[in-house]
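final-v8.txt follows (compact mmCIF, C-alpha atoms):
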```txt
# COMPACT_ATOMS: atom_id res chain seq x y z
CA MET A 193 27.46 -0.16 11.93
CA ASN A 194 27.69 3.58 11.43
CA ASP A 195 25.83 5.36 8.65
CA ILE A 196 28.94 5.90 6.56
CA ASP A 197 29.32 2.10 6.10
CA SER A 198 25.64 1.59 5.26
CA ILE A 199 24.39 0.48 1.85
CA ALA A 200 22.23 3.60 1.45
CA THR A 201 25.02 6.00 0.52
CA PRO A 202 25.77 7.12 -3.05
CA LYS A 203 29.32 5.73 -2.89
CA ARG A 204 28.44 2.26 -1.52
CA THR A 205 25.36 1.90 -3.77
CA LYS A 206 27.36 2.76 -6.89
CA ASP A 207 30.17 0.43 -5.78
CA ILE A 208 27.78 -2.53 -5.30
CA ILE A 209 26.09 -1.89 -8.66
CA ARG A 210 29.44 -1.60 -10.44
CA ARG A 211 31.00 -4.70 -8.84
CA HIS A 212 28.04 -6.88 -9.77
CA GLY A 213 27.54 -5.34 -13.22
CA PHE A 214 23.93 -4.60 -12.33
CA SER A 215 21.77 -2.63 -14.76
CA PHE A 216 18.41 -1.11 -13.84
CA LYS A 217 15.23 -2.45 -15.42
CA LYS A 218 12.74 0.35 -15.98
CA SER A 219 9.96 -2.24 -16.32
CA LEU A 220 10.50 -3.23 -12.65
CA GLY A 221 10.41 0.35 -11.36
CA GLN A 222 13.83 0.06 -9.71
CA ASN A 223 14.94 3.17 -7.80
CA PHE A 224 17.44 2.62 -4.99
CA LEU A 225 17.32 4.90 -1.94
CA ILE A 226 20.57 6.61 -0.91
CA ASP A 227 19.43 8.73 2.05
CA GLN A 228 19.95 7.62 5.66
CA ASN A 229 17.43 10.04 7.18
CA ILE A 230 14.59 8.81 4.98
CA LEU A 231 15.45 5.19 5.79
CA ASN A 232 15.44 6.00 9.51
CA ASN A 233 12.03 7.71 9.16
CA ILE A 234 10.62 4.62 7.45
CA VAL A 235 11.95 2.19 10.05
CA ASP A 236 10.95 4.43 12.99
CA ALA A 237 7.38 4.62 11.66
CA ALA A 238 7.15 0.81 11.70
CA GLU A 239 7.73 0.73 15.49
CA LEU A 240 9.83 -2.43 15.30
CA ASP A 241 11.73 -4.20 18.08
CA GLY A 242 13.39 -7.54 18.64
CA THR A 243 10.06 -9.30 19.29
CA LYS A 244 8.55 -8.22 15.94
CA GLY A 245 8.93 -9.26 12.32
CA ALA A 246 9.18 -7.28 9.09
CA LEU A 247 8.19 -8.25 5.55
CA GLU A 248 9.94 -6.23 2.86
CA ILE A 249 8.76 -6.19 -0.75
CA GLY A 250 11.30 -5.26 -3.41
CA PRO A 251 14.49 -4.96 -1.31
CA GLY A 252 16.70 -3.99 -4.27
CA ILE A 253 20.31 -4.16 -3.06
CA GLY A 254 19.29 -4.26 0.60
CA ALA A 255 19.54 -0.67 1.89
CA LEU A 256 16.25 -0.81 3.78
CA THR A 257 16.67 -4.51 4.54
CA GLU A 258 19.88 -3.72 6.43
CA LYS A 259 18.06 -1.19 8.64
CA LEU A 260 15.20 -3.63 9.24
CA ALA A 261 17.68 -6.33 10.24
CA GLN A 262 19.12 -3.96 12.86
CA ASN A 263 15.68 -3.28 14.34
CA ALA A 264 13.49 -6.40 13.97
CA GLY A 265 13.65 -9.93 15.33
CA THR A 266 13.19 -11.52 11.90
CA VAL A 267 12.99 -10.15 8.37
CA THR A 268 11.73 -11.70 5.14
CA ALA A 269 12.47 -9.87 1.89
CA VAL A 270 10.64 -10.83 -1.32
CA GLU A 271 12.45 -9.79 -4.51
CA ILE A 272 11.11 -10.39 -8.04
CA ASP A 273 14.41 -9.74 -9.85
CA ARG A 274 16.58 -12.89 -9.62
CA ARG A 275 19.67 -10.83 -10.65
CA LEU A 276 19.54 -9.16 -7.22
CA ILE A 277 19.56 -12.36 -5.16
CA PRO A 278 23.38 -12.86 -5.16
CA ILE A 279 23.83 -9.18 -4.20
CA LEU A 280 21.36 -9.49 -1.32
CA LYS A 281 22.98 -12.69 -0.07
CA GLU A 282 26.36 -10.95 -0.02
CA VAL A 283 25.36 -7.68 1.67
CA LEU A 284 23.03 -9.34 4.19
CA GLU A 285 25.43 -12.11 5.20
CA PRO A 286 26.00 -10.54 8.67
CA TYR A 287 22.27 -10.95 9.42
CA PRO A 288 21.26 -14.63 9.76
CA HIS A 289 17.71 -13.63 10.78
CA VAL A 290 17.05 -12.20 7.30
CA HIS A 291 15.44 -14.51 4.73
CA VAL A 292 15.46 -13.54 1.06
CA GLU A 293 12.92 -15.11 -1.30
CA GLN A 294 12.93 -14.69 -5.07
CA ALA A 295 9.27 -14.35 -6.05
CA ASP A 296 6.56 -12.05 -7.35
CA VAL A 297 4.73 -10.95 -4.21
CA LEU A 298 1.45 -10.74 -6.14
CA LYS A 299 1.68 -14.51 -6.72
CA VAL A 300 2.93 -15.48 -3.25
CA ASP A 301 0.66 -17.28 -0.78
CA LEU A 302 1.14 -14.68 1.94
CA LYS A 303 -0.82 -16.55 4.62
CA ALA A 304 1.50 -19.54 4.20
CA LEU A 305 4.56 -17.26 4.21
CA PHE A 306 3.42 -15.66 7.48
CA GLU A 307 2.83 -19.07 9.08
CA SER A 308 6.28 -20.35 8.10
CA ASN A 309 8.44 -17.23 8.53
CA PHE A 310 6.79 -15.26 11.34
CA LYS A 311 5.50 -17.91 13.73
CA ASP A 312 7.92 -16.87 16.49
CA VAL A 313 7.23 -13.10 16.55
CA SER A 314 4.52 -11.10 18.31
CA LYS A 315 3.62 -8.74 15.46
CA VAL A 316 4.54 -8.23 11.82
CA SER A 317 4.71 -5.09 9.69
CA VAL A 318 5.26 -4.68 5.97
CA VAL A 319 8.00 -2.13 5.32
CA ALA A 320 8.93 -1.36 1.72
CA ASN A 321 9.96 1.03 -1.01
CA LEU A 322 7.33 -0.12 -3.50
CA PRO A 323 7.64 0.09 -7.29
CA TYR A 324 5.15 2.73 -8.44
CA TYR A 325 3.60 0.61 -11.16
CA VAL A 326 2.28 -2.05 -8.75
CA THR A 327 1.66 0.00 -5.59
CA THR A 328 -2.12 -0.33 -5.49
CA PRO A 329 -2.36 -4.05 -6.38
CA ILE A 330 0.24 -4.92 -3.73
CA LEU A 331 -1.37 -2.81 -1.00
CA MET A 332 -4.87 -4.09 -1.75
CA LYS A 333 -3.61 -7.70 -1.66
CA LEU A 334 -2.01 -7.06 1.75
CA LEU A 335 -5.20 -5.46 3.11
CA GLU A 336 -7.85 -7.69 1.52
CA GLU A 337 -6.19 -10.93 2.62
CA LYS A 338 -6.64 -9.82 6.24
CA LEU A 339 -3.12 -10.80 7.23
CA PRO A 340 -2.05 -10.46 10.89
CA LEU A 341 -0.34 -7.13 10.29
CA GLU A 342 0.37 -4.26 12.68
CA HIS A 343 1.52 -1.62 10.17
CA ILE A 344 2.19 -1.23 6.48
CA VAL A 345 4.89 1.44 6.06
CA VAL A 346 5.65 2.11 2.42
CA MET A 347 7.31 4.68 0.23
CA ILE A 348 5.11 5.30 -2.79
CA GLN A 349 4.29 8.03 -5.29
CA LYS A 350 3.34 11.18 -3.34
CA GLU A 351 0.10 11.66 -5.27
CA VAL A 352 -1.06 8.11 -4.44
CA ALA A 353 -0.18 8.54 -0.75
CA GLU A 354 -2.25 11.74 -0.65
CA ARG A 355 -5.20 9.90 -2.19
CA MET A 356 -4.98 7.16 0.43
CA ALA A 357 -5.04 9.66 3.30
CA ALA A 358 -7.62 12.04 1.77
CA SER A 359 -10.78 13.18 3.57
CA PRO A 360 -14.31 13.35 2.09
CA GLY A 361 -14.88 16.49 0.05
CA SER A 362 -11.28 16.85 -1.14
CA LYS A 363 -10.30 16.41 -4.78
CA GLU A 364 -7.94 13.54 -3.85
CA TYR A 365 -10.70 11.54 -2.12
CA GLY A 366 -11.94 8.57 -4.10
CA SER A 367 -12.51 4.81 -4.11
CA LEU A 368 -8.85 4.16 -3.18
CA SER A 369 -9.18 6.44 -0.10
CA ILE A 370 -12.26 4.54 1.02
CA ALA A 371 -10.76 1.08 0.46
CA VAL A 372 -7.55 1.94 2.35
CA GLN A 373 -9.42 3.63 5.21
CA TYR A 374 -11.87 0.72 5.50
CA TYR A 375 -8.99 -1.60 6.32
CA SER A 376 -6.51 0.77 7.99
CA VAL A 377 -5.76 4.17 9.52
CA PRO A 378 -3.42 6.07 7.16
CA LYS A 379 -0.86 8.63 8.29
CA LEU A 380 1.53 10.55 6.02
CA ILE A 381 5.01 10.33 7.54
CA CYS A 382 7.13 12.47 5.21
CA THR A 383 7.58 13.56 1.62
CA VAL A 384 10.64 12.42 -0.30
CA PRO A 385 12.31 14.36 -3.15
CA ASN A 386 13.37 12.46 -6.25
CA THR A 387 17.02 13.47 -5.66
CA VAL A 388 17.57 10.77 -3.01
CA PHE A 389 17.32 7.86 -5.45
CA ILE A 390 19.55 6.17 -8.01
CA PRO A 391 18.27 6.50 -10.69
CA GLN A 392 16.01 9.49 -10.00
CA PRO A 393 12.29 8.90 -10.66
CA ASN A 394 10.26 11.56 -12.46
CA VAL A 395 7.97 12.21 -9.47
CA ASP A 396 8.25 12.93 -5.76
CA SER A 397 7.49 10.21 -3.25
CA ALA A 398 6.00 10.00 0.22
CA VAL A 399 6.19 7.61 3.13
CA ILE A 400 2.79 6.56 4.45
CA ARG A 401 1.94 4.34 7.40
CA LEU A 402 -1.24 2.28 7.32
CA THR A 403 -2.09 0.98 10.79
CA VAL A 404 -4.17 -2.10 10.08
CA ARG A 405 -7.58 -2.16 11.77
CA GLU A 406 -8.72 -5.19 13.74
CA GLN A 407 -12.27 -4.45 12.62
CA PRO A 408 -13.63 -2.14 9.89
CA PRO A 409 -14.86 1.23 11.21
CA VAL A 410 -18.33 0.70 9.67
CA ASP A 411 -20.80 -2.17 9.46
CA ALA A 412 -21.14 -3.14 5.80
CA HIS A 413 -23.39 -6.21 5.63
CA ASP A 414 -21.75 -7.39 2.40
CA GLU A 415 -18.17 -6.18 1.74
CA ALA A 416 -18.24 -7.02 -1.97
CA HIS A 417 -21.47 -5.06 -2.45
CA PHE A 418 -20.10 -2.16 -0.38
CA PHE A 419 -17.05 -1.85 -2.64
CA ASP A 420 -19.20 -2.24 -5.75
CA VAL A 421 -21.30 0.72 -4.59
CA VAL A 422 -18.16 2.75 -3.84
CA ARG A 423 -16.54 2.03 -7.23
CA SER A 424 -19.79 2.76 -9.06
CA SER A 425 -20.16 6.10 -7.27
CA PHE A 426 -16.85 7.28 -8.75
CA THR A 427 -17.33 5.99 -12.30
CA GLN A 428 -17.61 9.57 -13.55
CA ARG A 429 -16.54 12.05 -10.89
CA ARG A 430 -18.45 14.96 -12.38
CA LYS A 431 -21.75 13.07 -12.22
CA THR A 432 -23.99 13.00 -9.17
CA ILE A 433 -24.08 9.86 -7.07
CA SER A 434 -27.63 9.34 -8.30
CA ASN A 435 -26.58 9.24 -11.96
CA ASN A 436 -23.55 7.04 -11.32
CA LEU A 437 -25.60 4.51 -9.34
CA LYS A 438 -28.35 4.49 -11.95
CA SER A 439 -25.80 3.64 -14.64
CA ARG A 440 -24.66 0.62 -12.60
CA PHE A 441 -27.71 -0.66 -10.75
CA ALA A 442 -31.03 0.58 -12.14
CA PRO A 443 -32.95 -0.56 -15.22
CA PRO A 444 -34.61 2.36 -17.10
CA GLU A 445 -37.97 1.73 -15.45
CA GLY A 446 -36.50 1.73 -11.94
CA ARG A 447 -34.38 4.86 -11.95
CA GLU A 448 -36.66 6.79 -9.56
CA ARG A 449 -36.27 3.97 -7.05
CA ILE A 450 -32.54 4.68 -6.73
CA ASP A 451 -33.29 8.28 -5.74
CA ALA A 452 -35.86 7.10 -3.19
CA LEU A 453 -33.35 4.68 -1.66
CA LEU A 454 -30.68 7.40 -1.51
CA VAL A 455 -33.10 9.60 0.41
CA GLN A 456 -33.98 6.65 2.66
CA ALA A 457 -30.25 6.30 3.41
CA GLY A 458 -30.10 9.99 4.33
CA ILE A 459 -28.20 11.01 1.18
CA GLU A 460 -29.30 13.81 -1.14
CA PRO A 461 -29.31 12.36 -4.71
CA SER A 462 -27.63 15.50 -6.11
CA ARG A 463 -24.45 14.94 -4.06
CA ARG A 464 -21.27 13.65 -5.65
CA GLY A 465 -19.45 10.49 -4.63
CA GLU A 466 -16.45 12.31 -3.19
CA THR A 467 -18.60 14.00 -0.51
CA LEU A 468 -19.75 10.76 1.17
CA SER A 469 -18.06 9.36 4.27
CA LEU A 470 -17.33 5.67 4.87
CA GLN A 471 -20.35 5.53 7.17
CA GLU A 472 -22.63 6.98 4.49
CA TYR A 473 -21.36 4.44 1.96
CA ALA A 474 -21.99 1.58 4.42
CA THR A 475 -25.53 2.86 5.12
CA LEU A 476 -26.17 3.25 1.37
CA SER A 477 -24.86 -0.22 0.54
CA ASN A 478 -26.95 -1.80 3.31
CA THR A 479 -30.07 0.10 2.15
CA LEU A 480 -29.62 -1.00 -1.48
CA LEU A 481 -28.92 -4.56 -0.40
CA GLU A 482 -32.07 -4.74 1.75
CA ALA A 483 -34.06 -3.44 -1.22
CA GLY A 484 -32.65 -6.20 -3.46
CA ILE A 485 -30.49 -3.81 -5.54
CA VAL A 486 -27.36 -5.85 -6.20
```
Full structure transcribed into structure tokens:
Amino acid sequence: MNDIDSIATPKRTKDIIRRHGFSFKKSLGQNFLIDQNILNNIVDAAELDGTKGALEIGPGIGALTEKLAQNAGTVTAVEIDRRLIPILKEVLEPYPHVHVEQADVLKVDLKALFESNFKDVSKVSVVANLPYYVTTPILMKLLEEKLPLEHIVVMIQKEVAERMAASPGSKEYGSLSIAVQYYSVPKLICTVPNTVFIPQPNVDSAVIRLTVREQPPVDAHDEAHFFDVVRSSFTQRRKTISNNLKSRFAPPEGRERIDALLVQAGIEPSRRGETLSLQEYATLSNTLLEAGIV
């Protein structure tokens, strides 16, 4: 199929929408991509081939799904909006290796889905144009459930992508950066103007690839405690890490102990949370844990 026949053109997208009488629901964050180059960048970043599978979340009318079908051995697309299912079945009819499921991905048993739909492929990547309003919950579900994923390649709000890829000391760096980088290696692929969507969103987007780690890059003895320490350190960004941790962990009579444990972990109490690396957070969490600060 040449690009002119593809779904992701203004003419074909408008034709499909008109023929099916489809109306956009703002509450579902529906913005359909109409740019071939961006779609090719997304699919290229996923490094797919006939031996691999792709999970798409929020396929819309199938523009990205079509490209995935042309590059992967099997594709499963999970769509929350039941009004789109007949459209997807029609436009994806030439691709018998594409499975469309009507469901809310946040409620789906993903481990079971992987076992049933991807048992015959070597590797699986998530590839999606995610609705902005549920980007973080979806990505954290994918990462925290430790699914057998190679990459997560998603188009999301540019500002959120920059936060995920941010380095310590930058204004974008925060608890989201640390969580994403604990589970994966992020790489910004490209920025996307709002003009390549129908309808146009109010913000620019970016494509980011998260290459899922087989093991975390640091040794946190208790993951839940590690993330509690991270979140607590960013409760109020303008406060020092000492003050933020005292608000969460220390009773009034034990506040000096927090400073002593920070020093023991090699961290100056006057530093702010955004200056600490993943390794420093792991060392700090382990030090607090060993001292019974939970």
Identify which of the residues A:Ser376, A:Gln456, A:Ser477, A:Ser424 lies closest to Lys338 of chain A, counting all atoms listed in the file when measuring atom-to-atom distances.
->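 Result for the nearest residue to Lys338 of chain A: A:Ser376.
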Of A:Ala261, A:Leu380, A:Leu256, A:Ile277, the one nearest to His212 of chain A when counting all atoms listed in the file is A:Ile277
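Atom CA of Val421 of chain A sits 17.2 Å away from atom CA of Glu448 of chain A.
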Of the candidates A:Phe441, A:Phe310, A:Phe418, A:Phe389, which shows the shortest atom-to-atom distance to Lys206 of chain A, using all atoms listed in the file?
-> A:Phe389
Residues at most 8 Å from Leu453 of chain A, counting only C-alpha atoms, excluding those fewer than 3 positions away in the same chain, as JSON, numbers by chain?
-> {"A": [449, 450, 456, 457, 476, 479, 480]}
Determine the nearest neighbour of Val377 of chain A from the options A:Ala483, A:Val404, A:Leu341, A:Val399, counting only C-alpha atoms.
->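 Among the listed residues, A:Val404 lies closest to Val377 of chain A.
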Closest to Thr475 of chain A among A:His413, A:Arg401, A:Lys259, A:Arg355, using only C-alpha atoms?
->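 When distances to Thr475 of chain A are compared using only C-alpha atoms, the smallest one comes from A:His413.
Note that atom CA of Tyr324 of chain A and atom CA of Ala398 of chain A are 11.3 Å apart.
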Selected residue of minimal separation from His289 of chain A among A:Gly465, A:Pro391, A:Gly245, A:Gly458, counting only C-alpha atoms |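 Result for the nearest residue to His289 of chain A: A:Gly245.
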Excluding same-chain residues fewer than 2 positions from Asp396 of chain A, what lies within 7 Å of it counting only C-alpha atoms, as a list in words?
->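 My reading of the contact set: Gln349, Lys350, Val384, Pro385 and Asn386 of chain A.
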For atom CA of Tyr287 of chain A and atom CA of Pro202 of chain A, determine how far apart the two atoms are, in Å to one decimal place.
-> 22.2 Å
Which residues, written as a count of residues only, have at least one atom at most 12 Å from Glu342 of chain A, with all atoms listed in the file counted and residues fewer than 3 positions away on the same chain left out?
-> 29
For Ser308 of chain A: contacts at 12 Å, all atoms listed in the file, fewer than 5 positions along chain excluded, given as a list in words = Thr266, Thr268, His291, Asp301, Leu302, Lys303 and Val313 of chain A
Find the spatial neighbours of Ile330 of chain A, counting only C-alpha atoms, within a cut-off of 12 Å - ignore same-chain residues fewer than 2 positions away - and output them as a ChimeraX atom specification.
-> /A:248-250,296-300,302,318,320-328,332-337,344,346,348
Add whatever atoms are absent from segment 448-472 of chain A to reach N, CA, C and O atoms, and provide the output as an mmCIF file, in the frame of the given file.
```cif
data_model
loop_
_atom_site.group_PDB
_atom_site.id
_atom_site.type_symbol
_atom_site.label_atom_id
_atom_site.label_comp_id
_atom_site.auth_asym_id
_atom_site.auth_seq_id
_atom_site.Cartn_x
_atom_site.Cartn_y
_atom_site.Cartn_z
ATOM 1 N N GLU A 448 -36.146 5.965 -10.674
ATOM 2 C CA GLU A 448 -36.660 6.790 -9.560
ATOM 3 C C GLU A 448 -36.479 6.068 -8.223
ATOM 4 O O GLU A 448 -36.360 6.707 -7.176
ATOM 5 N N ARG A 449 -36.427 4.744 -8.287
ATOM 6 C CA ARG A 449 -36.270 3.970 -7.050
ATOM 7 C C ARG A 449 -34.902 4.218 -6.423
ATOM 8 O O ARG A 449 -34.771 4.253 -5.197
ATOM 9 N N ILE A 450 -33.889 4.397 -7.256
ATOM 10 C CA ILE A 450 -32.540 4.680 -6.730
ATOM 11 C C ILE A 450 -32.559 5.970 -5.918
ATOM 12 O O ILE A 450 -32.012 6.041 -4.811
ATOM 13 N N ASP A 451 -33.208 7.011 -6.469
ATOM 14 C CA ASP A 451 -33.290 8.280 -5.740
ATOM 15 C C ASP A 451 -34.024 8.108 -4.415
ATOM 16 O O ASP A 451 -33.624 8.664 -3.391
ATOM 17 N N ALA A 452 -35.088 7.326 -4.422
ATOM 18 C CA ALA A 452 -35.860 7.100 -3.190
ATOM 19 C C ALA A 452 -35.012 6.386 -2.146
ATOM 20 O O ALA A 452 -35.059 6.711 -0.952
ATOM 21 N N LEU A 453 -34.193 5.423 -2.600
ATOM 22 C CA LEU A 453 -33.350 4.680 -1.660
ATOM 23 C C LEU A 453 -32.204 5.547 -1.137
ATOM 24 O O LEU A 453 -31.793 5.409 0.019
ATOM 25 N N LEU A 454 -31.694 6.450 -1.989
ATOM 26 C CA LEU A 454 -30.680 7.400 -1.510
ATOM 27 C C LEU A 454 -31.253 8.268 -0.395
ATOM 28 O O LEU A 454 -30.622 8.457 0.648
ATOM 29 N N VAL A 455 -32.445 8.774 -0.610
ATOM 30 C CA VAL A 455 -33.100 9.600 0.410
ATOM 31 C C VAL A 455 -33.328 8.782 1.680
ATOM 32 O O VAL A 455 -33.101 9.256 2.801
ATOM 33 N N GLN A 456 -33.764 7.529 1.512
ATOM 34 C CA GLN A 456 -33.980 6.650 2.660
ATOM 35 C C GLN A 456 -32.689 6.452 3.467
ATOM 36 O O GLN A 456 -32.716 6.353 4.699
ATOM 37 N N ALA A 457 -31.553 6.453 2.750
ATOM 38 C CA ALA A 457 -30.250 6.300 3.410
ATOM 39 C C ALA A 457 -29.728 7.617 3.964
ATOM 40 O O ALA A 457 -28.629 7.671 4.526
ATOM 41 N N GLY A 458 -30.512 8.689 3.804
ATOM 42 C CA GLY A 458 -30.100 9.990 4.330
ATOM 43 C C GLY A 458 -29.140 10.734 3.427
ATOM 44 O O GLY A 458 -28.396 11.605 3.892
ATOM 45 N N ILE A 459 -29.149 10.407 2.122
ATOM 46 C CA ILE A 459 -28.200 11.010 1.180
ATOM 47 C C ILE A 459 -28.964 11.735 0.077
ATOM 48 O O ILE A 459 -29.810 11.146 -0.606
ATOM 49 N N GLU A 460 -28.671 13.016 -0.085
ATOM 50 C CA GLU A 460 -29.300 13.810 -1.140
ATOM 51 C C GLU A 460 -28.803 13.302 -2.501
ATOM 52 O O GLU A 460 -27.591 13.234 -2.740
ATOM 53 N N PRO A 461 -29.716 12.928 -3.418
ATOM 54 C CA PRO A 461 -29.310 12.360 -4.710
ATOM 55 C C PRO A 461 -28.414 13.271 -5.559
ATOM 56 O O PRO A 461 -27.687 12.778 -6.430
ATOM 57 N N SER A 462 -28.434 14.572 -5.295
ATOM 58 C CA SER A 462 -27.630 15.500 -6.110
ATOM 59 C C SER A 462 -26.164 15.577 -5.640
ATOM 60 O O SER A 462 -25.344 16.244 -6.273
ATOM 61 N N ARG A 463 -25.840 14.914 -4.539
ATOM 62 C CA ARG A 463 -24.450 14.940 -4.060
ATOM 63 C C ARG A 463 -23.543 14.128 -4.978
ATOM 64 O O ARG A 463 -24.006 13.269 -5.732
ATOM 65 N N ARG A 464 -22.246 14.411 -4.876
ATOM 66 C CA ARG A 464 -21.270 13.650 -5.650
ATOM 67 C C ARG A 464 -20.575 12.634 -4.745
ATOM 68 O O ARG A 464 -20.488 12.823 -3.527
ATOM 69 N N GLY A 465 -20.046 11.595 -5.375
ATOM 70 C CA GLY A 465 -19.450 10.490 -4.630
ATOM 71 C C GLY A 465 -18.369 10.906 -3.663
ATOM 72 O O GLY A 465 -18.231 10.331 -2.578
ATOM 73 N N GLU A 466 -17.585 11.932 -4.038
ATOM 74 C CA GLU A 466 -16.450 12.310 -3.190
ATOM 75 C C GLU A 466 -16.864 13.042 -1.908
ATOM 76 O O GLU A 466 -16.002 13.346 -1.075
ATOM 77 N N THR A 467 -18.156 13.319 -1.736
ATOM 78 C CA THR A 467 -18.600 14.000 -0.510
ATOM 79 C C THR A 467 -19.090 13.019 0.562
ATOM 80 O O THR A 467 -19.339 13.420 1.690
ATOM 81 N N LEU A 468 -19.205 11.729 0.214
ATOM 82 C CA LEU A 468 -19.750 10.760 1.170
ATOM 83 C C LEU A 468 -18.669 10.154 2.052
ATOM 84 O O LEU A 468 -17.578 9.819 1.574
ATOM 85 N N SER A 469 -18.984 9.996 3.324
ATOM 86 C CA SER A 469 -18.060 9.360 4.270
ATOM 87 C C SER A 469 -18.175 7.833 4.169
ATOM 88 O O SER A 469 -19.089 7.296 3.530
ATOM 89 N N LEU A 470 -17.251 7.129 4.830
ATOM 90 C CA LEU A 470 -17.330 5.670 4.870
ATOM 91 C C LEU A 470 -18.662 5.214 5.473
ATOM 92 O O LEU A 470 -19.271 4.256 4.987
ATOM 93 N N GLN A 471 -19.090 5.905 6.535
ATOM 94 C CA GLN A 471 -20.350 5.530 7.170
ATOM 95 C C GLN A 471 -21.525 5.689 6.211
ATOM 96 O O GLN A 471 -22.416 4.834 6.149
ATOM 97 N N GLU A 472 -21.529 6.776 5.444
ATOM 98 C CA GLU A 472 -22.630 6.980 4.490
ATOM 99 C C GLU A 472 -22.614 5.909 3.409
ATOM 100 O O GLU A 472 -23.668 5.430 2.981
#
```
